[in-house]
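Note: the block below is start.txt and it holds compact mmCIF, C-alpha atoms.
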# COMPACT_ATOMS: atom_id res chain seq x y z
CA THR A 1 60.02 62.50 80.68
CA GLN A 2 60.51 64.25 77.34
CA LEU A 3 59.32 67.86 77.35
CA LEU A 4 58.68 67.45 73.63
CA GLU A 5 56.97 64.21 72.64
CA GLN A 6 57.31 63.13 69.04
CA SER A 7 55.06 60.58 67.41
CA PRO A 8 55.29 58.16 65.89
CA GLN A 9 58.76 56.98 66.83
CA PHE A 10 59.11 55.08 63.57
CA LEU A 11 57.26 55.29 60.27
CA SER A 12 57.73 53.07 57.23
CA ILE A 13 55.84 53.98 54.05
CA GLN A 14 55.95 53.40 50.31
CA GLU A 15 57.16 56.03 47.88
CA GLY A 16 54.32 58.35 46.89
CA GLU A 17 52.42 58.08 50.18
CA ASN A 18 51.88 60.97 52.57
CA LEU A 19 53.03 61.12 56.18
CA THR A 20 52.64 63.33 59.22
CA VAL A 21 54.96 63.62 62.23
CA TYR A 22 53.73 65.23 65.44
CA CYS A 23 55.58 67.14 68.13
CA ASN A 24 53.60 67.83 71.33
CA SER A 25 54.23 69.44 74.68
CA SER A 26 52.39 70.71 77.73
CA SER A 27 54.74 73.71 77.74
CA VAL A 28 54.64 76.83 75.59
CA PHE A 29 57.54 77.24 73.17
CA SER A 30 58.54 80.61 71.79
CA SER A 31 59.96 79.00 68.68
CA LEU A 32 60.34 75.55 67.26
CA GLN A 33 62.75 74.10 64.73
CA TRP A 34 62.50 71.00 62.61
CA TYR A 35 65.65 69.17 61.56
CA ARG A 36 66.34 66.13 59.38
CA GLN A 37 69.33 63.98 60.21
CA GLU A 38 70.93 61.15 58.26
CA PRO A 39 73.03 58.46 59.98
CA GLY A 40 76.46 59.73 61.00
CA GLU A 41 75.67 63.30 59.95
CA GLY A 42 74.60 66.42 61.81
CA PRO A 43 70.99 67.64 61.91
CA VAL A 44 70.11 69.85 58.95
CA LEU A 45 67.66 72.68 59.62
CA LEU A 46 64.41 72.45 57.68
CA VAL A 47 62.40 75.29 59.17
CA THR A 48 61.89 77.56 62.18
CA VAL A 49 58.36 78.50 63.24
CA VAL A 50 57.75 81.29 65.73
CA THR A 51 54.14 82.47 65.49
CA GLY A 52 51.17 80.54 66.88
CA GLY A 53 49.08 79.16 64.01
CA GLU A 54 51.91 79.66 61.54
CA VAL A 55 52.08 77.38 58.49
CA LYS A 56 55.24 77.14 56.40
CA LYS A 57 55.67 75.21 53.18
CA LEU A 58 58.95 73.94 51.79
CA LYS A 59 58.23 72.14 48.50
CA ARG A 60 56.49 68.91 49.57
CA LEU A 61 56.92 69.63 53.29
CA THR A 62 54.33 71.56 55.30
CA PHE A 63 55.04 72.68 58.85
CA GLN A 64 52.45 73.93 61.30
CA PHE A 65 52.87 75.56 64.72
CA GLY A 66 49.85 75.21 67.01
CA ASP A 67 47.86 78.27 68.00
CA ALA A 68 48.96 77.87 71.63
CA ARG A 69 52.57 77.21 70.58
CA LYS A 70 52.59 73.88 72.41
CA ASP A 71 52.60 71.60 69.40
CA SER A 72 53.77 71.33 65.83
CA SER A 73 53.42 68.98 62.89
CA LEU A 74 55.37 68.13 59.78
CA HIS A 75 53.46 66.78 56.79
CA ILE A 76 55.23 65.31 53.75
CA THR A 77 53.27 64.89 50.53
CA ALA A 78 54.20 62.19 48.03
CA ALA A 79 57.20 61.00 50.02
CA GLN A 80 60.36 60.00 48.19
CA PRO A 81 63.23 57.71 49.27
CA GLY A 82 65.35 60.83 49.73
CA ASP A 83 63.02 61.86 52.57
CA THR A 84 64.31 58.93 54.63
CA GLY A 85 65.95 60.06 57.84
CA LEU A 86 65.52 61.01 61.48
CA TYR A 87 63.21 63.98 61.94
CA LEU A 88 63.80 66.02 65.07
CA CYS A 89 61.72 68.82 66.50
CA ALA A 90 63.43 71.19 68.93
CA GLY A 91 62.22 74.30 70.67
CA TYR A 92 63.07 77.14 72.97
CA LYS A 93 60.71 77.44 75.90
CA ALA A 94 59.23 80.85 76.62
CA ALA A 95 61.61 81.21 79.58
CA GLY A 96 64.97 79.60 79.00
CA ASN A 97 67.94 79.56 76.73
CA LYS A 98 68.39 75.87 76.00
CA LEU A 99 67.07 74.03 73.00
CA THR A 100 64.80 71.14 74.01
CA PHE A 101 64.72 68.20 71.61
CA GLY A 102 61.98 65.73 70.93
CA GLY A 103 62.84 62.03 70.86
CA GLY A 104 62.89 61.95 67.06
CA THR A 105 60.87 60.15 64.40
CA ARG A 106 62.65 57.71 62.16
CA VAL A 107 61.13 57.77 58.66
CA LEU A 108 61.80 55.11 56.04
CA VAL A 109 60.45 55.65 52.54
CA LYS A 110 60.68 52.50 50.46
CA PRO A 111 60.94 52.70 46.66
CA ASP L 1 76.31 80.79 54.24
CA THR L 2 74.99 78.71 57.14
CA GLU L 3 77.90 76.32 57.39
CA VAL L 4 79.44 74.94 60.55
CA THR L 5 82.49 72.76 59.94
CA GLN L 6 83.91 70.10 62.22
CA THR L 7 87.15 68.14 62.18
CA PRO L 8 87.97 65.34 62.22
CA LYS L 9 85.05 63.47 60.69
CA HIS L 10 86.03 60.27 62.50
CA LEU L 11 88.28 59.71 65.51
CA VAL L 12 89.39 56.50 67.19
CA MET L 13 91.29 56.86 70.46
CA GLY L 14 92.46 54.80 73.37
CA MET L 15 91.50 55.54 76.95
CA THR L 16 94.92 57.06 77.69
CA ASN L 17 95.06 59.31 74.63
CA LYS L 18 94.60 63.07 74.47
CA LYS L 19 92.81 64.41 71.41
CA SER L 20 90.84 67.49 70.38
CA LEU L 21 87.72 68.09 68.32
CA LYS L 22 87.47 71.32 66.36
CA CYS L 23 84.51 73.39 65.20
CA GLU L 24 84.45 76.54 63.07
CA GLN L 25 81.78 78.93 61.83
CA HIS L 26 82.00 82.19 59.89
CA MET L 27 78.41 83.38 60.24
CA GLY L 28 79.25 85.96 62.89
CA HIS L 29 77.40 83.88 65.47
CA ARG L 30 78.40 84.57 69.06
CA ALA L 31 76.91 81.47 70.68
CA MET L 32 78.45 78.03 70.13
CA TYR L 33 77.49 74.65 71.52
CA TRP L 34 78.75 71.12 72.01
CA TYR L 35 76.29 68.24 71.95
CA LYS L 36 76.73 64.51 72.38
CA GLN L 37 74.47 62.14 70.47
CA LYS L 38 74.17 58.39 71.01
CA ALA L 39 72.66 56.14 68.37
CA LYS L 40 68.91 56.56 67.83
CA LYS L 41 68.72 59.31 70.46
CA PRO L 42 68.36 63.10 70.16
CA PRO L 43 71.39 65.34 70.81
CA GLU L 44 72.22 66.06 74.47
CA LEU L 45 73.62 69.47 75.35
CA MET L 46 77.09 69.51 76.90
CA PHE L 47 78.38 73.10 76.83
CA VAL L 48 77.29 76.56 75.68
CA TYR L 49 79.65 79.44 74.94
CA SER L 50 78.28 82.94 74.65
CA TYR L 51 80.66 85.70 73.51
CA GLU L 52 83.58 83.33 73.99
CA LYS L 53 82.67 82.71 77.63
CA LEU L 54 81.39 79.43 79.00
CA SER L 55 77.79 80.05 80.02
CA ILE L 56 76.41 76.54 80.47
CA ASN L 57 78.10 73.30 81.54
CA GLU L 58 75.57 70.49 81.79
CA SER L 59 77.50 68.68 84.53
CA VAL L 60 79.87 67.18 81.99
CA PRO L 61 82.78 65.09 83.38
CA SER L 62 86.11 66.92 83.51
CA ARG L 63 87.63 64.52 80.98
CA PHE L 64 85.84 66.77 78.46
CA SER L 65 87.34 70.27 78.39
CA PRO L 66 85.87 72.93 76.08
CA GLU L 67 87.76 75.95 74.78
CA CYS L 68 86.67 78.94 72.72
CA PRO L 69 89.83 80.68 71.40
CA ASN L 70 87.86 83.26 69.40
CA SER L 71 84.37 83.96 68.14
CA SER L 72 84.70 81.58 65.18
CA LEU L 73 86.35 78.59 66.81
CA LEU L 74 85.30 76.05 69.40
CA ASN L 75 87.40 73.13 70.60
CA LEU L 76 86.64 70.13 72.76
CA HIS L 77 89.71 68.61 74.42
CA LEU L 78 89.43 64.94 75.31
CA HIS L 79 91.52 63.09 77.89
CA ALA L 80 91.16 59.72 79.61
CA LEU L 81 87.86 58.94 77.96
CA GLN L 82 85.83 55.81 78.58
CA PRO L 83 84.32 53.45 75.98
CA GLU L 84 80.84 54.73 76.93
CA ASP L 85 81.93 58.17 75.68
CA SER L 86 81.82 56.83 72.13
CA ALA L 87 79.20 58.87 70.28
CA LEU L 88 78.62 61.48 67.58
CA TYR L 89 79.81 64.86 68.87
CA LEU L 90 77.99 67.79 67.32
CA CYS L 91 78.88 71.45 67.28
CA ALA L 92 76.25 74.13 66.68
CA SER L 93 76.11 77.90 66.55
CA SER L 94 73.47 80.62 66.78
CA ARG L 95 73.20 84.39 66.85
CA VAL L 96 73.38 86.16 70.20
CA ALA L 97 71.54 89.44 70.71
CA SER L 98 73.75 91.08 73.29
CA SER L 99 76.24 90.23 75.96
CA GLY L 100 74.98 89.15 79.35
CA ARG L 101 71.48 88.27 78.26
CA THR L 102 70.06 84.87 77.67
CA LEU L 103 69.76 83.86 74.07
CA GLU L 104 66.82 85.23 72.19
CA ALA L 105 64.14 82.62 72.04
CA LYS L 106 63.90 82.76 68.26
CA ASP L 107 67.56 81.99 67.66
CA THR L 108 68.01 79.05 65.37
CA GLN L 109 70.91 76.68 65.93
CA TYR L 110 72.88 75.46 62.94
CA PHE L 111 74.68 72.17 63.33
CA GLY L 112 77.94 70.88 61.95
CA PRO L 113 78.30 67.41 60.41
CA GLY L 114 79.66 65.95 63.63
CA THR L 115 82.69 63.92 64.69
CA ARG L 116 82.14 60.19 65.12
CA LEU L 117 84.25 59.29 68.18
CA THR L 118 85.14 55.73 69.11
CA VAL L 119 86.96 55.07 72.40
CA LEU L 120 88.66 51.71 72.61
What is this file in structure tokens?
Amino acid sequence: TQLLEQSPQFLSIQEGENLTVYCNSSSVFSSLQWYRQEPGEGPVLLVTVVTGGEVKKLKRLTFQFGDARKDSSLHITAAQPGDTGLYLCAGYKAAGNKLTFGGGTRVLVKP
Amino acid sequence: DTEVTQTPKHLVMGMTNKKSLKCEQHMGHRAMYWYKQKAKKPPELMFVYSYEKLSINESVPSRFSPECPNSSLLNLHLHALQPEDSALYLCASSRVASSGRTLEAKDTQYFGPGTRLTVL
């Protein structure tokens, strides 16, 4: 059982459409990171969120950390083919020193 | 600079070979990690080094042997691997607050580009 559940597992959209990826847990996380990974490459950090209710924007990407710090979302506006990749959420639990990963969401943006 | 480098990029080895993967960071981070990632799966933690000492071994088989020669370098020595060990091996690093304590919860891990390992 994944401690962090990501949904959907796969998303295929046309260029210009919006998309949202969800990361949910029954556990409290003291911080949560979002990464984007391309095939054969390492995950690249997009953002770290640490405060419940926090919203961070990175150009067309908007990240939200739930008030209870149990869930997070990533919203992409006007997706582009360059947004294609595997999106991973990962978090540190309130007690613990290991990073827990979600199962990943594979995003395909078609031109 | 948030760069973690890994060499080689690709490695093909036989089951009787001995090889090593290398990882380097110059961010002053004192925690370094090895992960294994199979296709279409998230990374799985293998080892954690904190202040050059092994702090976590996730029950990894002894054919994988980590080494941390100094605070900037992390090696993974490979011997007598099996074909099912073929995967992307990722190194990561993060800041450590102080010796002997668990990592601060807010520490962000920065990943290297990985080594694609194929065991024949």
task = Give me, please, the distance in Å between atom CA of L:Leu81 and atom CA of L:Lys36, quoted to one decimal.
result =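 Going from atom CA of L:Leu81 over to atom CA of L:Lys36 covers 13.6 Å.
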key: Residues of chain A within 8 Å of chain L, counting all atoms listed in the file, as a list in words   = Ser30, Ser31, Gln33, Gly40, Glu41, Gly42, Pro43, Val44, Leu45, Thr48, Val50, Leu88, Tyr92, Lys93, Ala94, Gly96, Asn97, Phe101, Gly102, Gly103 and Gly104 of chain A
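Counting all atoms listed in the file, the residue from L:Thr16, L:Glu58, L:Ser93, L:His29 that sits nearest to L:Leu78 is L:Thr16.
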query = If you count only C-alpha atoms, which residues fall within 6 Å of stretch 67-77 of chain L, apart from same-chain ones fewer than 4 positions away, as an MDAnalysis selection string?
reply = chainID L and resid 20:26 52
ask   = For the atom pair atom CA of A:Thr62 and atom CA of A:Lys110, what is the interatomic distance in Å to one decimal place?
value =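 That distance, rounded to one decimal, is 20.7 Å.
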inquiry  = So, with all atoms listed in the file as the atoms that count, which of A:Glu38, A:Glu54, A:Glu15, A:Asp67 lies closest to A:Ala79?
reply    =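 For A:Ala79, the nearest of the candidates is A:Glu15.
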task = For each of L:Ala80, L:Val96, L:Ala31, L:Val60, take the minimum atom-to-atom distance to L:Met15, counting all atoms listed in the file, then give the residue where this is smallest.
result =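 Nearest candidate to L:Met15 out of L:Ala80, L:Val96, L:Ala31, L:Val60: L:Ala80.
The coordinates place atom CA of L:Asp85 at 10.0 Å from atom CA of L:Arg63.
In terms of minimum interatomic distance to A:Trp34, A:Phe63 ranks closest within A:Leu3, A:Leu19, A:Phe63, A:Ile76, counting all atoms listed in the file.
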query = Leaving out L:Gln82 and any residue of its chain fewer than 5 positions from it, which residues lie within 12 Å of it when counting all atoms listed in the file, given as an MDAnalysis selection string?
reply = chainID L and resid 12:17 61 63:64 87 117:120
